[in-house]
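Visitor: The following block contains the structure, expressed as structure tokens.
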Amino acid sequence: MSLEEEIKEIRRSGSNKDLDAAPEFEMSDIFYFARRGVESIMDDEVTKRFSAEELESWNLLTRSNHNFHYISLRLTVLWGLGLLIRYGILLPLRVTLAFTGVGLLVFLTSIVGLFPNGRMKNFMSEKVHLMCYRICVRALTAIITYHDSENKPKNGGICVANHTSPIDVIILASDGCYAMVGQIHGGLMGVIQRSMVKACPHIWFERSEVKDRHLVAKRLSDHVEDKSKLPILIFPEGTCINNTSVMMFKKGSFEIRATVYPVAIKYDPRFGDAFWNSSKFGMVNYLLRMMSSWAIVCSVWYLPPMSREEGEDAVQFANRVKAAIARQGGLVDLLWDGGLKRGKVKDTFKEEQQKLYSKMLVGTQEDRSPVTNGPGIVRTAGL
């Protein structure tokens, strides 16, 4: 039901006035906005997407039940045994595999980088990346089911996927090679980035370049125009969402005239929650929690390629791709910006509701032309 219909319903129940008469402000209109505000507080569909998904039952992981209380001796023994297995056996093995995978990635990509550009270098780079990413996947005991592999992204295209965790990258890259896009970092991450770009044309930006939309678009366009280069992997949400929904896709990657390959990723939280709450856990802490879970179980769907239609702008194209991903992954399709995870609601969202209500009062009659009464204030002749 639209804003106008709901307000008319409230007026009808509490007023004897003719609803078809000239639109006027009534005190009862306030109840609509008050009710919507309370509903938003009681059932906030946005901020709850930035915290771990609630499970119907405890999966014997401390991370899913921090307020564990004694229930029965059998359950306590099972939990203790699971704790011993996860931290005493699985965690050391997984950490060893993770260091092995990352170490081999840095070393072997540096070696491949010494090869002259050509088919041999591309072949070696692909094999090295696949091998190292698959070792890293084993470090998480990831059980992945890939669907519709005939739709896998091809060279010269852009792969877009919903974003739950940093491990989304290795989940996808263990089944195919991609050109990564991101900001240049320091420390260990910087070492990995510099070694990777020697073997494969990844797209790294300096901090000062990230906000230059034209430069970013040009670098991406130049990459996709070369059909010999790997498909670009992008997560248009720009932040991690708890895998219950898909939030607004940034339009930048959809402004480029290139084939888009949508991918839907859905994790099963019963064995380990892959969501990264970056405001609560650092990267090292998060990875240790991942490696101490039972397993990371997920499904990946490769959707048919999509192209921008005639007369369709970048925002409409992004929403169409997002809707396809949400539908396939069984996720809620939300229009809200994932940037609300750290920022406030933009004034444009508030102004949109104000405009809808103002339009209802002003009406569409030609003789009821709006009269400006100072900056930002509009009154209607006759009201």
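Ordered as shown in the structure tokens, chains take letters A, B, and onward, while each chain numbers its residues from 1 and ligands are numbered from 1 in the order shown.
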Using only C-alpha atoms, which residues sit within 12 Å of region 306-312 of chain A once same-chain residues fewer than 3 positions away are excluded, as a list in words?
Guide: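 Counting only C-alpha atoms, the residues come to Asn151, Pro153, Gly157, Ile158, Cys159, Val160, Ser253, Phe254, Glu255, Ile256, Arg257, Ala258, Thr259, Val260, Tyr261, Pro262, Val263, Tyr302, Leu303, Val315, Gln316, Phe317, Ala318, Asn319, Arg320, Val321, Lys322, Ala324 and Ile325 of chain A.
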Visitor: With DSSP run on the backbone, what are the alpha helix (DSSP H) residues within region 194-324 of chain A? I'd like them as a PyMOL selection string.
Guide: chain A and resi 194-199+213-225+283-291+314-324
Visitor: I'd like to know which residues of region 188-304 of chain A are strand (DSSP E or B) (by DSSP, run on the backbone); could you write them as a list in words?
Guide: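 Taking region 188-304 of chain A and keeping strand (DSSP E or B) gives Ile203, Trp204, Phe205, Ile232, Leu233, Ile234, Ser245, Val246, Val260, Tyr261, Pro262, Val263, Ala264, Ile265, Lys266, Tyr267, Asp268, Ile296, Val297, Cys298, Ser299, Val300, Trp301 and Tyr302 of chain A.
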